[in-house]
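Asks: Please find one structure pasted underneath; my questions will follow.
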Amino acid sequence: MNLLLIRLIIFAVLFFAGLKLYRMYREWKLEREDTTQAGSQGGQMVRCAWCQVHLPEDDALRDKGQWFCTADHRDKYLEERKHGD
């Protein structure tokens, strides 16, 4: 009886250790996939100088060292800057 209880405890410990290792492996694999997907989509996020909205660098417009989400926002920003100077 005593030996059976010891075997049961050892089996339970090994089972939960294996389960924990499996979960760690699965999280590692998901994190690895997320980083490769983020890298494959490319580009960093930049902020529009006019409306402060973040967008991918590939979709943004750059003019005079500033990023813009649309040509309209670029024109408004440059117009305001011209009158401010």
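Residue numbers start at 1 in each chain; chains themselves are named A, B, ... in the order of the structure tokens; ligands are numbered from 1 in the order shown.
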List every residue of chain A that DSSP, applied to the backbone of this structure, assigns to alpha helix (DSSP H), and report them as a VMD selection string.
Replies: chain A and resid 2 to 41 71 to 84
Asks: Output N, CA and C atoms for every residue in the selection just made, as a short mmCIF file (atom, residue, chain, number, x, y, z; two decimals), in the first residue's frame.
Replies:
```cif
data_model
loop_
_atom_site.label_atom_id
_atom_site.label_comp_id
_atom_site.auth_asym_id
_atom_site.auth_seq_id
_atom_site.Cartn_x
_atom_site.Cartn_y
_atom_site.Cartn_z
N ASN A 2 1.88 1.25 0.84
CA ASN A 2 2.77 2.40 0.94
C ASN A 2 3.54 2.62 -0.36
N LEU A 3 3.97 1.55 -1.00
CA LEU A 3 4.70 1.63 -2.26
C LEU A 3 3.81 2.14 -3.38
N LEU A 4 2.55 1.76 -3.37
CA LEU A 4 1.59 2.22 -4.37
C LEU A 4 1.38 3.72 -4.26
N LEU A 5 1.27 4.22 -3.04
CA LEU A 5 1.09 5.66 -2.82
C LEU A 5 2.31 6.45 -3.28
N ILE A 6 3.51 5.94 -3.03
CA ILE A 6 4.74 6.60 -3.48
C ILE A 6 4.80 6.64 -5.00
N ARG A 7 4.44 5.53 -5.64
CA ARG A 7 4.43 5.50 -7.10
C ARG A 7 3.41 6.49 -7.67
N LEU A 8 2.27 6.58 -7.05
CA LEU A 8 1.24 7.51 -7.49
C LEU A 8 1.72 8.97 -7.36
N ILE A 9 2.38 9.30 -6.29
CA ILE A 9 2.92 10.66 -6.08
C ILE A 9 4.00 10.96 -7.12
N ILE A 10 4.88 10.00 -7.37
CA ILE A 10 5.94 10.20 -8.37
C ILE A 10 5.33 10.39 -9.75
N PHE A 11 4.34 9.58 -10.08
CA PHE A 11 3.65 9.71 -11.37
C PHE A 11 3.01 11.08 -11.50
N ALA A 12 2.34 11.56 -10.44
CA ALA A 12 1.68 12.87 -10.48
C ALA A 12 2.70 13.99 -10.67
N VAL A 13 3.82 13.90 -9.96
CA VAL A 13 4.86 14.93 -10.09
C VAL A 13 5.42 14.93 -11.50
N LEU A 14 5.71 13.77 -12.06
CA LEU A 14 6.23 13.69 -13.43
C LEU A 14 5.21 14.19 -14.44
N PHE A 15 3.95 13.88 -14.23
CA PHE A 15 2.90 14.34 -15.13
C PHE A 15 2.81 15.86 -15.13
N PHE A 16 2.77 16.48 -13.95
CA PHE A 16 2.66 17.94 -13.88
C PHE A 16 3.94 18.64 -14.37
N ALA A 17 5.09 18.03 -14.17
CA ALA A 17 6.33 18.59 -14.70
C ALA A 17 6.32 18.54 -16.23
N GLY A 18 5.85 17.44 -16.80
CA GLY A 18 5.74 17.33 -18.25
C GLY A 18 4.74 18.32 -18.81
N LEU A 19 3.64 18.51 -18.12
CA LEU A 19 2.63 19.48 -18.55
C LEU A 19 3.20 20.89 -18.52
N LYS A 20 3.94 21.21 -17.49
CA LYS A 20 4.56 22.54 -17.38
C LYS A 20 5.57 22.76 -18.51
N LEU A 21 6.38 21.75 -18.80
CA LEU A 21 7.35 21.86 -19.90
C LEU A 21 6.65 22.03 -21.24
N TYR A 22 5.56 21.31 -21.44
CA TYR A 22 4.81 21.44 -22.69
C TYR A 22 4.25 22.85 -22.84
N ARG A 23 3.70 23.42 -21.78
CA ARG A 23 3.16 24.78 -21.83
C ARG A 23 4.26 25.80 -22.11
N MET A 24 5.42 25.62 -21.49
CA MET A 24 6.55 26.52 -21.74
C MET A 24 6.99 26.44 -23.20
N TYR A 25 7.05 25.24 -23.73
CA TYR A 25 7.43 25.05 -25.13
C TYR A 25 6.42 25.73 -26.05
N ARG A 26 5.13 25.56 -25.76
CA ARG A 26 4.09 26.15 -26.60
C ARG A 26 4.16 27.68 -26.57
N GLU A 27 4.38 28.29 -25.40
CA GLU A 27 4.53 29.75 -25.31
C GLU A 27 5.75 30.22 -26.08
N TRP A 28 6.86 29.50 -25.95
CA TRP A 28 8.08 29.87 -26.66
C TRP A 28 7.84 29.82 -28.18
N LYS A 29 7.14 28.78 -28.62
CA LYS A 29 6.87 28.64 -30.05
C LYS A 29 5.97 29.77 -30.55
N LEU A 30 4.93 30.14 -29.80
CA LEU A 30 4.04 31.24 -30.19
C LEU A 30 4.78 32.57 -30.23
N GLU A 31 5.64 32.82 -29.24
CA GLU A 31 6.42 34.06 -29.24
C GLU A 31 7.35 34.12 -30.45
N ARG A 32 7.93 33.00 -30.76
CA ARG A 32 8.85 32.94 -31.91
C ARG A 32 8.09 33.21 -33.22
N GLU A 33 6.89 32.66 -33.35
CA GLU A 33 6.08 32.90 -34.54
C GLU A 33 5.65 34.37 -34.62
N ASP A 34 5.31 34.97 -33.48
CA ASP A 34 4.89 36.38 -33.47
C ASP A 34 6.03 37.29 -33.92
N THR A 35 7.25 37.02 -33.47
CA THR A 35 8.37 37.88 -33.86
C THR A 35 8.69 37.71 -35.34
N THR A 36 8.55 36.51 -35.88
CA THR A 36 8.83 36.33 -37.30
C THR A 36 7.74 36.97 -38.15
N GLN A 37 6.50 36.94 -37.69
CA GLN A 37 5.41 37.58 -38.43
C GLN A 37 5.56 39.09 -38.38
N ALA A 38 5.93 39.64 -37.23
CA ALA A 38 6.12 41.08 -37.12
C ALA A 38 7.27 41.54 -38.01
N GLY A 39 8.33 40.74 -38.06
CA GLY A 39 9.46 41.07 -38.91
C GLY A 39 9.14 40.96 -40.38
N SER A 40 8.29 40.03 -40.74
CA SER A 40 7.97 39.84 -42.15
C SER A 40 7.01 40.91 -42.67
N GLN A 41 6.20 41.48 -41.80
CA GLN A 41 5.29 42.55 -42.22
C GLN A 41 6.06 43.84 -42.47
N ALA A 71 -1.49 63.28 -47.40
CA ALA A 71 -0.94 64.49 -48.01
C ALA A 71 -1.64 65.72 -47.46
N ASP A 72 -2.93 65.59 -47.13
CA ASP A 72 -3.68 66.71 -46.56
C ASP A 72 -3.09 67.14 -45.21
N HIS A 73 -2.76 66.16 -44.36
CA HIS A 73 -2.15 66.48 -43.07
C HIS A 73 -0.77 67.09 -43.25
N ARG A 74 -0.04 66.61 -44.24
CA ARG A 74 1.28 67.18 -44.53
C ARG A 74 1.14 68.64 -44.92
N ASP A 75 0.18 68.94 -45.81
CA ASP A 75 -0.02 70.31 -46.26
C ASP A 75 -0.46 71.22 -45.12
N LYS A 76 -1.37 70.75 -44.27
CA LYS A 76 -1.83 71.54 -43.12
C LYS A 76 -0.69 71.84 -42.16
N TYR A 77 0.13 70.81 -41.89
CA TYR A 77 1.26 70.99 -40.97
C TYR A 77 2.26 71.99 -41.52
N LEU A 78 2.61 71.86 -42.79
CA LEU A 78 3.58 72.76 -43.38
C LEU A 78 3.03 74.17 -43.48
N GLU A 79 1.74 74.31 -43.77
CA GLU A 79 1.10 75.63 -43.84
C GLU A 79 1.13 76.30 -42.46
N GLU A 80 0.79 75.54 -41.43
CA GLU A 80 0.80 76.09 -40.07
C GLU A 80 2.21 76.48 -39.65
N ARG A 81 3.16 75.67 -40.03
CA ARG A 81 4.56 75.95 -39.68
C ARG A 81 5.06 77.20 -40.40
N LYS A 82 4.59 77.39 -41.64
CA LYS A 82 5.00 78.55 -42.43
C LYS A 82 4.49 79.83 -41.78
N HIS A 83 3.23 79.80 -41.30
CA HIS A 83 2.64 80.97 -40.67
C HIS A 83 3.18 81.20 -39.28
N GLY A 84 3.64 80.13 -38.62
CA GLY A 84 4.18 80.25 -37.27
C GLY A 84 5.58 80.84 -37.25
#
```
Asks: Excluding Cys48 in chain A and residues on its chain fewer than 5 positions from it, collect all residues at most 9 Å away from it, counting only C-alpha atoms, and give them as an MDAnalysis selection string.
Replies: chainID A and resid 53:55 60:61 66:70 73:74
Asks: Give me the residues within 8 Å of Pro56 in chain A as a PDB file with N, CA, C and O atoms, in the first residue's frame, counting only C-alpha atoms and dropping any in the same chain fewer than 3 places off.
Replies:
```
ATOM      1  N   GLY A  43       8.664  47.238 -41.458  1.00  0.00           N
ATOM      2  CA  GLY A  43       8.420  48.622 -41.129  1.00  0.00           C
ATOM      3  C   GLY A  43       8.135  48.878 -39.669  1.00  0.00           C
ATOM      4  O   GLY A  43       7.528  48.088 -38.986  1.00  0.00           O
ATOM      5  N   GLN A  44       8.588  50.035 -39.248  1.00  0.00           N
ATOM      6  CA  GLN A  44       8.313  50.480 -37.901  1.00  0.00           C
ATOM      7  C   GLN A  44       7.069  51.353 -37.916  1.00  0.00           C
ATOM      8  O   GLN A  44       6.633  51.816 -38.963  1.00  0.00           O
ATOM      9  N   MET A  45       6.541  51.603 -36.732  1.00  0.00           N
ATOM     10  CA  MET A  45       5.408  52.505 -36.601  1.00  0.00           C
ATOM     11  C   MET A  45       5.953  53.924 -36.444  1.00  0.00           C
ATOM     12  O   MET A  45       6.914  54.161 -35.719  1.00  0.00           O
ATOM     13  N   VAL A  46       5.342  54.870 -37.148  1.00  0.00           N
ATOM     14  CA  VAL A  46       5.716  56.279 -37.045  1.00  0.00           C
ATOM     15  C   VAL A  46       4.470  57.083 -36.704  1.00  0.00           C
ATOM     16  O   VAL A  46       3.346  56.622 -36.875  1.00  0.00           O
ATOM     17  N   ASP A  59       3.340  52.982 -45.030  1.00  0.00           N
ATOM     18  CA  ASP A  59       2.123  53.681 -45.456  1.00  0.00           C
ATOM     19  C   ASP A  59       2.210  55.190 -45.246  1.00  0.00           C
ATOM     20  O   ASP A  59       1.314  55.921 -45.659  1.00  0.00           O
ATOM     21  N   ALA A  60       3.258  55.659 -44.591  1.00  0.00           N
ATOM     22  CA  ALA A  60       3.362  57.076 -44.227  1.00  0.00           C
ATOM     23  C   ALA A  60       4.099  57.879 -45.301  1.00  0.00           C
ATOM     24  O   ALA A  60       4.831  57.342 -46.121  1.00  0.00           O
TER      25      ALA A  60
END
```
Asks: Taking the DSSP secondary structure from the backbone, can you list the residues of chain A that are strand (DSSP E), as an mmCIF file with N, CA and C atoms, in the first residue's frame?
Replies:
```cif
data_model
loop_
_atom_site.group_PDB
_atom_site.id
_atom_site.type_symbol
_atom_site.label_atom_id
_atom_site.label_comp_id
_atom_site.auth_asym_id
_atom_site.auth_seq_id
_atom_site.Cartn_x
_atom_site.Cartn_y
_atom_site.Cartn_z
ATOM 1 N N MET A 45 6.541 51.603 -36.732
ATOM 2 C CA MET A 45 5.408 52.505 -36.601
ATOM 3 C C MET A 45 5.953 53.924 -36.444
ATOM 4 N N VAL A 46 5.342 54.870 -37.148
ATOM 5 C CA VAL A 46 5.716 56.279 -37.045
ATOM 6 C C VAL A 46 4.470 57.083 -36.704
ATOM 7 N N ARG A 47 4.667 58.302 -36.216
ATOM 8 C CA ARG A 47 3.549 59.136 -35.792
ATOM 9 C C ARG A 47 3.367 60.307 -36.738
ATOM 10 N N HIS A 54 -0.487 56.837 -35.049
ATOM 11 C CA HIS A 54 0.606 55.941 -35.438
ATOM 12 C C HIS A 54 0.180 55.098 -36.632
ATOM 13 N N LEU A 55 1.104 54.908 -37.561
ATOM 14 C CA LEU A 55 0.850 54.088 -38.733
ATOM 15 C C LEU A 55 2.161 53.471 -39.199
ATOM 16 N N PRO A 56 2.087 52.390 -39.983
ATOM 17 C CA PRO A 56 3.322 51.757 -40.463
ATOM 18 C C PRO A 56 4.125 52.713 -41.352
ATOM 19 N N LEU A 61 3.877 59.190 -45.257
ATOM 20 C CA LEU A 61 4.590 60.132 -46.124
ATOM 21 C C LEU A 61 5.629 60.857 -45.288
ATOM 22 N N ARG A 62 6.788 61.112 -45.865
ATOM 23 C CA ARG A 62 7.847 61.815 -45.135
ATOM 24 C C ARG A 62 8.177 63.094 -45.885
ATOM 25 N N ASP A 63 8.209 64.199 -45.130
ATOM 26 C CA ASP A 63 8.554 65.478 -45.735
ATOM 27 C C ASP A 63 9.236 66.350 -44.689
ATOM 28 N N GLN A 66 9.626 64.987 -41.116
ATOM 29 C CA GLN A 66 8.413 64.650 -40.369
ATOM 30 C C GLN A 66 7.628 63.572 -41.104
ATOM 31 N N TRP A 67 6.834 62.819 -40.351
ATOM 32 C CA TRP A 67 5.986 61.778 -40.917
ATOM 33 C C TRP A 67 4.543 62.246 -40.927
ATOM 34 N N PHE A 68 3.789 61.836 -41.965
ATOM 35 C CA PHE A 68 2.381 62.226 -42.098
ATOM 36 C C PHE A 68 1.578 61.032 -42.585
#
```
